[in-house]
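Note: the block below is protein-v2.cif and it holds mmCIF, C-alpha atoms.
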```cif
data_coords
loop_
_atom_site.group_PDB
_atom_site.id
_atom_site.type_symbol
_atom_site.label_atom_id
_atom_site.label_comp_id
_atom_site.auth_asym_id
_atom_site.auth_seq_id
_atom_site.Cartn_x
_atom_site.Cartn_y
_atom_site.Cartn_z
ATOM 1 C CA MET B 32 31.909 -51.909 23.685
ATOM 2 C CA ASP B 33 29.193 -53.212 25.971
ATOM 3 C CA GLY B 34 25.900 -51.538 26.631
ATOM 4 C CA ARG B 35 23.609 -49.538 24.437
ATOM 5 C CA VAL B 36 23.551 -45.807 24.013
ATOM 6 C CA LEU B 37 20.481 -43.596 24.367
ATOM 7 C CA ALA B 38 20.032 -40.560 22.132
ATOM 8 C CA ILE B 39 17.259 -38.113 22.996
ATOM 9 C CA VAL B 40 15.946 -35.903 20.211
ATOM 10 C CA GLU B 41 13.768 -33.040 21.416
ATOM 11 C CA ARG B 42 14.029 -30.381 18.731
ATOM 12 C CA GLY B 43 12.872 -31.240 15.259
ATOM 13 C CA TYR B 44 13.146 -29.481 11.927
ATOM 14 C CA ARG B 45 16.611 -27.923 11.930
ATOM 15 C CA GLY B 46 16.783 -27.141 8.265
ATOM 16 C CA ALA B 47 15.579 -28.878 5.134
ATOM 17 C CA LEU B 48 16.823 -27.218 1.971
ATOM 18 C CA GLU B 49 20.334 -26.629 3.324
ATOM 19 C CA LYS B 50 20.540 -29.854 5.316
ATOM 20 C CA GLN B 51 19.020 -32.445 2.970
ATOM 21 C CA PHE B 52 20.378 -35.906 3.869
ATOM 22 C CA PHE B 53 22.733 -34.749 6.606
ATOM 23 C CA ASP B 54 20.342 -34.386 9.562
ATOM 24 C CA GLU B 55 20.520 -35.636 13.136
ATOM 25 C CA LEU B 56 19.044 -39.010 12.165
ATOM 26 C CA TYR B 57 21.775 -39.500 9.562
ATOM 27 C CA LEU B 58 24.252 -38.770 12.341
ATOM 28 C CA ALA B 59 22.409 -41.261 14.536
ATOM 29 C CA THR B 60 22.950 -43.959 11.911
ATOM 30 C CA GLU B 61 26.687 -43.403 12.092
ATOM 31 C CA LEU B 62 26.666 -43.285 15.897
ATOM 32 C CA HIS B 63 24.719 -46.547 15.943
ATOM 33 C CA ARG B 64 27.405 -48.132 13.774
ATOM 34 C CA GLN B 65 30.356 -46.753 15.722
ATOM 35 C CA LEU B 66 29.060 -47.017 19.267
ATOM 36 C CA GLY B 67 27.615 -50.500 19.000
ATOM 37 C CA GLY B 68 23.892 -49.968 19.411
ATOM 38 C CA LEU B 69 21.649 -46.954 19.749
ATOM 39 C CA ASP B 70 18.195 -46.353 21.142
ATOM 40 C CA ILE B 71 16.330 -43.139 20.357
ATOM 41 C CA LEU B 72 13.733 -41.273 22.391
ATOM 42 C CA LEU B 73 11.704 -38.640 20.530
ATOM 43 C CA ARG B 74 10.243 -35.818 22.561
ATOM 44 C CA GLY B 75 9.010 -32.272 21.907
ATOM 45 C CA SER B 76 8.612 -31.219 18.291
ATOM 46 C CA ALA B 77 10.686 -34.212 17.170
ATOM 47 C CA VAL B 78 7.803 -36.597 17.963
ATOM 48 C CA SER B 79 6.192 -35.763 14.638
ATOM 49 C CA TYR B 80 9.064 -37.607 12.978
ATOM 50 C CA ALA B 81 7.314 -40.775 14.131
ATOM 51 C CA VAL B 82 3.990 -40.040 12.427
ATOM 52 C CA ASP B 83 3.476 -42.270 9.415
ATOM 53 C CA ALA B 84 3.087 -39.704 6.637
ATOM 54 C CA GLY B 85 4.035 -39.624 2.992
ATOM 55 C CA PRO B 86 7.380 -38.576 1.582
ATOM 56 C CA VAL B 87 8.484 -34.949 1.771
ATOM 57 C CA PRO B 88 7.248 -33.110 -1.340
ATOM 58 C CA ALA B 89 9.701 -31.686 -3.845
ATOM 59 C CA LEU B 90 10.285 -27.940 -4.074
ATOM 60 C CA ARG B 91 10.553 -25.753 -7.130
ATOM 61 C CA ILE B 92 13.555 -23.424 -6.910
ATOM 62 C CA GLY B 93 14.042 -21.259 -9.981
ATOM 63 C CA GLY B 94 13.688 -23.696 -12.869
ATOM 64 C CA ARG B 95 14.880 -26.630 -10.827
ATOM 65 C CA THR B 96 12.993 -29.293 -8.897
ATOM 66 C CA VAL B 97 14.646 -30.184 -5.593
ATOM 67 C CA ASP B 98 13.566 -33.606 -4.364
ATOM 68 C CA THR B 99 16.298 -34.214 -1.791
ATOM 69 C CA LEU B 100 14.881 -32.336 1.185
ATOM 70 C CA THR B 101 15.363 -33.664 4.685
ATOM 71 C CA ASP B 102 12.959 -36.544 5.308
ATOM 72 C CA PRO B 103 13.039 -37.549 8.986
ATOM 73 C CA ARG B 104 10.531 -40.374 8.510
ATOM 74 C CA LYS B 105 12.799 -41.956 5.954
ATOM 75 C CA GLY B 106 15.680 -41.503 8.394
ATOM 76 C CA LEU B 107 13.718 -43.190 11.184
ATOM 77 C CA ARG B 108 12.862 -46.146 8.946
ATOM 78 C CA VAL B 109 16.536 -46.607 8.108
ATOM 79 C CA LEU B 110 17.370 -46.638 11.813
ATOM 80 C CA LEU B 111 14.586 -49.097 12.636
ATOM 81 C CA ASP B 112 15.785 -51.414 9.877
ATOM 82 C CA LEU B 113 19.269 -51.307 11.406
ATOM 83 C CA GLY B 114 17.903 -52.442 14.767
ATOM 84 C CA VAL B 115 17.677 -49.084 16.527
ATOM 85 C CA ARG B 116 14.854 -48.992 19.071
ATOM 86 C CA VAL B 117 12.738 -45.849 18.800
ATOM 87 C CA TRP B 118 10.371 -44.548 21.443
ATOM 88 C CA VAL B 119 8.091 -41.540 21.321
ATOM 89 C CA GLU B 120 6.680 -39.850 24.418
ATOM 90 C CA GLU B 121 2.924 -40.264 24.522
ATOM 91 C CA PRO B 122 1.768 -36.799 25.733
ATOM 92 C CA ASP B 123 3.833 -35.033 23.080
ATOM 93 C CA ILE B 124 2.487 -37.170 20.247
ATOM 94 C CA ALA B 125 -1.054 -36.839 21.617
ATOM 95 C CA ALA B 126 -0.678 -33.056 21.668
ATOM 96 C CA LEU B 127 -0.129 -33.121 17.916
ATOM 97 C CA GLY B 128 -3.626 -34.485 17.457
ATOM 98 C CA SER B 129 -2.686 -36.280 14.274
ATOM 99 C CA PRO B 130 -5.072 -39.048 13.183
ATOM 100 C CA ARG B 131 -2.207 -40.807 11.422
ATOM 101 C CA PRO B 132 -0.641 -43.893 13.033
ATOM 102 C CA LEU B 133 2.954 -44.128 14.128
ATOM 103 C CA ILE B 134 5.577 -45.607 11.849
ATOM 104 C CA GLN B 135 5.631 -49.367 12.317
ATOM 105 C CA GLY B 136 8.212 -50.312 14.882
ATOM 106 C CA VAL B 137 8.055 -47.093 16.910
ATOM 107 C CA ALA B 138 6.854 -47.631 20.472
ATOM 108 C CA LEU B 139 5.014 -45.274 22.806
ATOM 109 C CA THR B 140 6.434 -44.516 26.221
ATOM 110 C CA ARG B 141 5.061 -42.618 29.182
ATOM 111 C CA PRO B 142 6.922 -39.509 30.475
ATOM 112 C CA GLY B 143 9.864 -40.465 32.631
ATOM 113 C CA GLU B 144 9.731 -44.147 31.731
ATOM 114 C CA ILE B 145 12.923 -44.031 29.700
ATOM 115 C CA ALA B 146 14.614 -41.719 32.212
ATOM 116 C CA GLU B 147 14.175 -44.484 34.799
ATOM 117 C CA GLN B 148 16.350 -46.655 32.559
ATOM 118 C CA TRP B 149 19.206 -44.180 32.108
ATOM 119 C CA GLY B 150 21.356 -46.181 34.505
ATOM 120 C CA ASP B 151 21.182 -49.166 32.176
ATOM 121 C CA TYR B 152 22.813 -47.199 29.377
ATOM 122 C CA ARG B 153 26.518 -46.788 28.823
ATOM 123 C CA LEU B 154 25.951 -43.323 27.485
ATOM 124 C CA VAL B 155 22.992 -40.941 27.343
ATOM 125 C CA PHE B 156 23.051 -37.785 25.265
ATOM 126 C CA PHE B 157 20.819 -35.226 23.619
ATOM 127 C CA LEU B 158 21.118 -35.343 19.854
ATOM 128 C CA MET U 138 28.161 8.029 -4.496
ATOM 129 C CA ALA U 139 25.618 5.858 -2.690
ATOM 130 C CA ARG U 140 24.422 2.755 -4.493
ATOM 131 C CA GLN U 141 20.958 2.962 -5.978
ATOM 132 C CA ILE U 142 18.844 0.081 -4.728
ATOM 133 C CA PRO U 143 16.335 -1.091 -7.346
ATOM 134 C CA HIS U 144 12.735 -0.918 -6.194
ATOM 135 C CA THR U 145 11.058 -4.244 -5.369
ATOM 136 C CA ASP U 146 7.639 -5.247 -4.138
ATOM 137 C CA VAL U 147 9.097 -7.221 -1.246
ATOM 138 C CA LEU U 148 12.293 -7.336 0.791
ATOM 139 C CA ILE U 149 12.923 -10.588 2.660
ATOM 140 C CA THR U 150 15.394 -10.054 5.470
ATOM 141 C CA LEU U 151 16.838 -13.410 6.455
ATOM 142 C CA MET U 152 18.750 -13.312 9.722
ATOM 143 C CA GLY U 153 18.043 -16.832 10.955
ATOM 144 C CA ALA U 154 21.001 -19.176 10.726
ATOM 145 C CA PRO U 155 20.934 -22.144 8.351
ATOM 146 C CA HIS U 156 20.951 -25.633 9.889
ATOM 147 C CA ALA U 157 19.037 -24.402 12.939
ATOM 148 C CA SER U 158 15.431 -24.263 11.790
ATOM 149 C CA ASP U 159 13.368 -24.390 8.623
ATOM 150 C CA GLN U 160 13.600 -20.607 8.112
ATOM 151 C CA VAL U 161 15.957 -20.844 5.145
ATOM 152 C CA THR U 162 13.604 -23.265 3.409
ATOM 153 C CA THR U 163 10.686 -20.968 4.175
ATOM 154 C CA ALA U 164 12.546 -17.923 2.849
ATOM 155 C CA LEU U 165 13.462 -19.611 -0.442
ATOM 156 C CA ARG U 166 9.972 -21.060 -0.910
ATOM 157 C CA LEU U 167 8.490 -17.649 -0.265
ATOM 158 C CA THR U 168 10.916 -16.025 -2.699
ATOM 159 C CA GLN U 169 10.021 -18.528 -5.414
ATOM 160 C CA SER U 170 6.278 -18.149 -4.804
ATOM 161 C CA LEU U 171 6.402 -14.361 -4.904
ATOM 162 C CA LEU U 172 8.379 -14.416 -8.139
ATOM 163 C CA GLU U 173 5.997 -16.941 -9.708
ATOM 164 C CA ARG U 174 3.142 -14.558 -8.890
ATOM 165 C CA GLY U 175 4.849 -11.723 -10.713
ATOM 166 C CA ALA U 176 6.389 -9.835 -7.785
ATOM 167 C CA THR U 177 9.877 -8.380 -7.661
ATOM 168 C CA VAL U 178 11.946 -9.460 -4.652
ATOM 169 C CA GLN U 179 15.164 -8.613 -2.892
ATOM 170 C CA VAL U 180 16.734 -10.780 -0.193
ATOM 171 C CA TRP U 181 19.045 -9.364 2.484
ATOM 172 C CA THR U 182 21.002 -11.874 4.546
ATOM 173 C CA CYS U 183 22.608 -11.211 7.918
ATOM 174 C CA GLY U 184 24.519 -13.367 10.380
ATOM 175 C CA TYR U 185 25.175 -16.966 9.359
ATOM 176 C CA ALA U 186 22.613 -16.623 6.568
ATOM 177 C CA THR U 187 25.377 -14.815 4.666
ATOM 178 C CA MET U 188 27.045 -18.239 4.341
ATOM 179 C CA LEU U 189 24.292 -19.409 1.996
ATOM 180 C CA THR U 190 25.952 -17.848 -1.028
ATOM 181 C CA GLN U 191 29.527 -18.941 -0.310
ATOM 182 C CA ARG U 192 31.084 -20.663 -3.316
ATOM 183 C CA SER U 193 33.397 -22.928 -1.308
ATOM 184 C CA LEU U 194 31.197 -26.016 -1.742
ATOM 185 C CA GLY U 195 30.711 -25.558 -5.451
ATOM 186 C CA SER U 196 27.414 -26.716 -6.870
ATOM 187 C CA ASP U 197 26.892 -29.736 -4.616
ATOM 188 C CA LYS U 198 27.025 -30.704 -0.980
ATOM 189 C CA PRO U 199 29.595 -33.289 0.121
ATOM 190 C CA ARG U 200 28.677 -36.806 -0.950
ATOM 191 C CA ASN U 201 26.171 -38.917 0.926
ATOM 192 C CA LEU U 202 27.916 -42.093 2.073
ATOM 193 C CA ALA U 203 24.573 -43.890 1.972
ATOM 194 C CA ASP U 204 23.722 -42.753 -1.556
ATOM 195 C CA TRP U 205 27.062 -42.078 -3.186
ATOM 196 C CA ASN U 206 25.981 -41.123 -6.689
ATOM 197 C CA ARG U 207 23.082 -38.845 -5.807
ATOM 198 C CA GLU U 208 23.602 -35.115 -6.151
ATOM 199 C CA TYR U 209 22.497 -32.713 -3.440
ATOM 200 C CA PRO U 210 22.593 -29.055 -4.459
ATOM 201 C CA SER U 211 24.474 -26.584 -2.302
ATOM 202 C CA THR U 212 22.602 -23.509 -1.116
ATOM 203 C CA ALA U 213 24.837 -21.382 -3.343
ATOM 204 C CA ALA U 214 23.689 -23.432 -6.342
ATOM 205 C CA LEU U 215 20.061 -22.940 -5.342
ATOM 206 C CA VAL U 216 20.437 -19.187 -4.887
ATOM 207 C CA GLU U 217 22.254 -18.987 -8.208
ATOM 208 C CA GLU U 218 19.417 -20.954 -9.778
ATOM 209 C CA LEU U 219 16.929 -18.413 -8.439
ATOM 210 C CA LEU U 220 18.993 -15.440 -9.574
ATOM 211 C CA THR U 221 19.381 -16.919 -13.052
ATOM 212 C CA ALA U 222 15.755 -17.956 -13.447
ATOM 213 C CA TRP U 223 14.429 -14.591 -12.226
ATOM 214 C CA GLU U 224 17.107 -12.261 -13.540
ATOM 215 C CA GLY U 225 16.054 -8.642 -13.286
ATOM 216 C CA ARG U 226 13.308 -9.425 -10.761
ATOM 217 C CA LEU U 227 15.342 -10.864 -7.894
ATOM 218 C CA TYR U 228 18.278 -9.202 -6.121
ATOM 219 C CA TRP U 229 20.416 -10.751 -3.399
ATOM 220 C CA TYR U 230 22.251 -8.651 -0.801
ATOM 221 C CA GLY U 231 24.410 -9.664 2.112
ATOM 222 C CA CYS U 232 25.532 -7.744 5.184
ATOM 223 C CA ARG U 233 29.239 -7.096 4.695
ATOM 224 C CA PHE U 234 30.010 -7.008 8.414
ATOM 225 C CA CYS U 235 28.245 -10.300 9.154
ATOM 226 C CA SER U 236 29.908 -11.893 6.154
ATOM 227 C CA ASP U 237 33.384 -10.647 7.078
ATOM 228 C CA ASP U 238 32.802 -11.550 10.729
ATOM 229 C CA ARG U 239 32.229 -15.171 9.710
ATOM 230 C CA GLY U 240 35.031 -15.374 7.183
ATOM 231 C CA ALA U 241 32.615 -15.613 4.273
ATOM 232 C CA VAL U 242 34.636 -13.963 1.558
ATOM 233 C CA ASP U 243 33.827 -15.822 -1.648
ATOM 234 C CA HIS U 244 30.234 -15.172 -2.647
ATOM 235 C CA LEU U 245 28.370 -15.737 -5.875
ATOM 236 C CA PRO U 246 29.198 -12.852 -8.211
ATOM 237 C CA GLN U 247 25.564 -11.710 -8.266
ATOM 238 C CA VAL U 248 25.567 -11.157 -4.494
ATOM 239 C CA VAL U 249 25.978 -7.537 -3.469
ATOM 240 C CA LEU U 250 27.559 -7.048 -0.060
ATOM 241 C CA ARG U 251 26.297 -3.939 1.680
ATOM 242 C CA PRO U 252 27.358 -2.140 4.845
ATOM 243 C CA PRO U 253 25.010 -2.646 7.795
ATOM 244 C CA GLY U 254 24.350 1.075 7.759
ATOM 245 C CA GLY U 255 22.919 0.751 4.278
ATOM 246 C CA TYR U 256 20.074 -1.552 5.331
ATOM 247 C CA ALA U 257 17.521 1.250 5.627
ATOM 248 C CA ALA U 258 18.021 2.085 1.960
ATOM 249 C CA ASN U 259 17.002 -1.468 1.059
ATOM 250 C CA VAL U 260 13.942 -1.237 3.298
ATOM 251 C CA ALA U 261 13.055 2.079 1.655
ATOM 252 C CA ALA U 262 13.367 0.486 -1.788
ATOM 253 C CA ALA U 263 10.746 -2.165 -1.006
ATOM 254 C CA ASP U 264 7.007 -1.766 -0.615
ATOM 255 C CA LYS U 265 6.945 -4.422 2.093
ATOM 256 C CA THR U 266 9.629 -5.968 4.305
ATOM 257 C CA LEU U 267 9.386 -9.423 5.812
ATOM 258 C CA HIS U 268 11.881 -10.235 8.571
ATOM 259 C CA LEU U 269 12.812 -13.840 9.378
ATOM 260 C CA GLY U 270 14.849 -14.796 12.415
ATOM 261 C CA GLY U 271 17.652 -13.076 14.307
ATOM 262 C CA ILE U 272 21.423 -13.347 14.426
#
```
Could you write out this file's structure as structure tokens?
Amino acid sequence: MDGRVLAIVERGYRGALEKQFFDELYLATELHRQLGGLDILLRGSAVSYAVDAGPVPALRIGGRTVDTLTDPRKGLRVLLDLGVRVWVEEPDIAALGSPRPLIQGVALTRPGEIAEQWGDYRLVFFL
Amino acid sequence: MARQIPHTDVLITLMGAPHASDQVTTALRLTQSLLERGATVQVWTCGYATMLTQRSLGSDKPRNLADWNREYPSTAALVEELLTAWEGRLYWYGCRFCSDDRGAVDHLPQVVLRPPGGYAANVAAADKTLHLGGI
């Protein structure tokens, strides 16, 4: 199939303890493989996925330690390593006010900049 | 004869659906923290939150294709872990209507399904009720 696919992620944090590895970025990895090339635009609360922070801490549940919670930064790094291009909208990341840098490989984009390129994509969808 | 609901310090009413937000994680963290601090707790689930204690998955989620040999606990396993670790201080209730309405018919044996009309008795049995989410 020719042409890349754009996936827009606007809503972050859709479950951690119940979701674990199977989040929207895990799905994106499979879509990237099947559809022949994915780009991702992070907007809204999902922009914090792109902040370079440490791993998700483990939780204590009863007498058990659960260290398999959803880790979107790990998911993004997997996608970047596979050649997925990841953009994050600048005003949304600025609104977070985090002093931490972005994950290496993630690029900033101005509002509407990616929307101007929709016509270049074979498929655009909200993930 | 109406069921006697054991008194607890806190009732956590979890109506928010799993896989939609971090409310389930918050509810279980809160439950664990309260129990660690010596409180007694009851949890009442409504809506899709009743699915948390379904036994259909067993103790683990389906395998991760990217990490085949790693185990990922199911929510039923985690709730069972809580109920075992804090036996006598944690109670887990589910709304029978919501559960039936979603075809959730095979819960952990410790889960007590209650009629929606019985909810007020659970609220009355707790000193404080915390309500998370909506169906």
Pick from B:Gln135, B:Thr101, B:Thr140, B:Thr96, whichever lies nearest to Gln169 (chain U) using all atoms listed in the file: B:Thr96
d(CA of Lys105 (chain B), CA of Ala84 (chain B)) in Å: 10.0 Å
Residues matched by the PyMOL selection byres ((chain B) within 9 of (chain U)), written as number ranges by chain: B: 43-54, 90-95, 97, 99-100
d(CA of Tyr152 (chain B), CA of Pro122 (chain B)) in Å: 23.8 Å
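The space between CA of Asp146 (chain U) and CA of Thr182 (chain U) spans 17.3 Å.
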Shell of 12 Å around Trp229 (chain U), all atoms listed in the file, local chain residues under 3 positions omitted, as a PyMOL selection string: chain U and resi 142-143+145+148-151+165+168+177-183+186-187+189-190+213+216-217+219-221+223-226+232+244-251+259
Contacts of Glu121 (chain B) at 8 Å (all atoms listed in the file; same-chain gap of 3+ positions) as a PyMOL selection string: chain B and resi 124-125+139-142
Output check: residues returned by the PyMOL selection byres ((chain B and resi 66) around 12), as a ChimeraX atom specification: /B:32-38,58-65,67-70,115,152-155
Size and centre in Å, one decimal, axis-aligned box, all listed region 51-55 of chain B atoms plus 8 Å per side, as AutoDock Vina command-line options:
```
--center_x 20.9 --center_y -34.2 --center_z 8.1 --size_x 19.7 --size_y 19.5 --size_z 26.2
```
Picked residues, the PyMOL selection byres ((chain B and resi 104) around 10), expected as a list in words: Leu56, Ser79, Tyr80, Ala81, Val82, Asp83, Ala84, Gly85, Pro86, Val87, Thr101, Asp102, Pro103, Lys105, Gly106, Leu107, Arg108, Val109, Leu110 and Ile134 of chain B
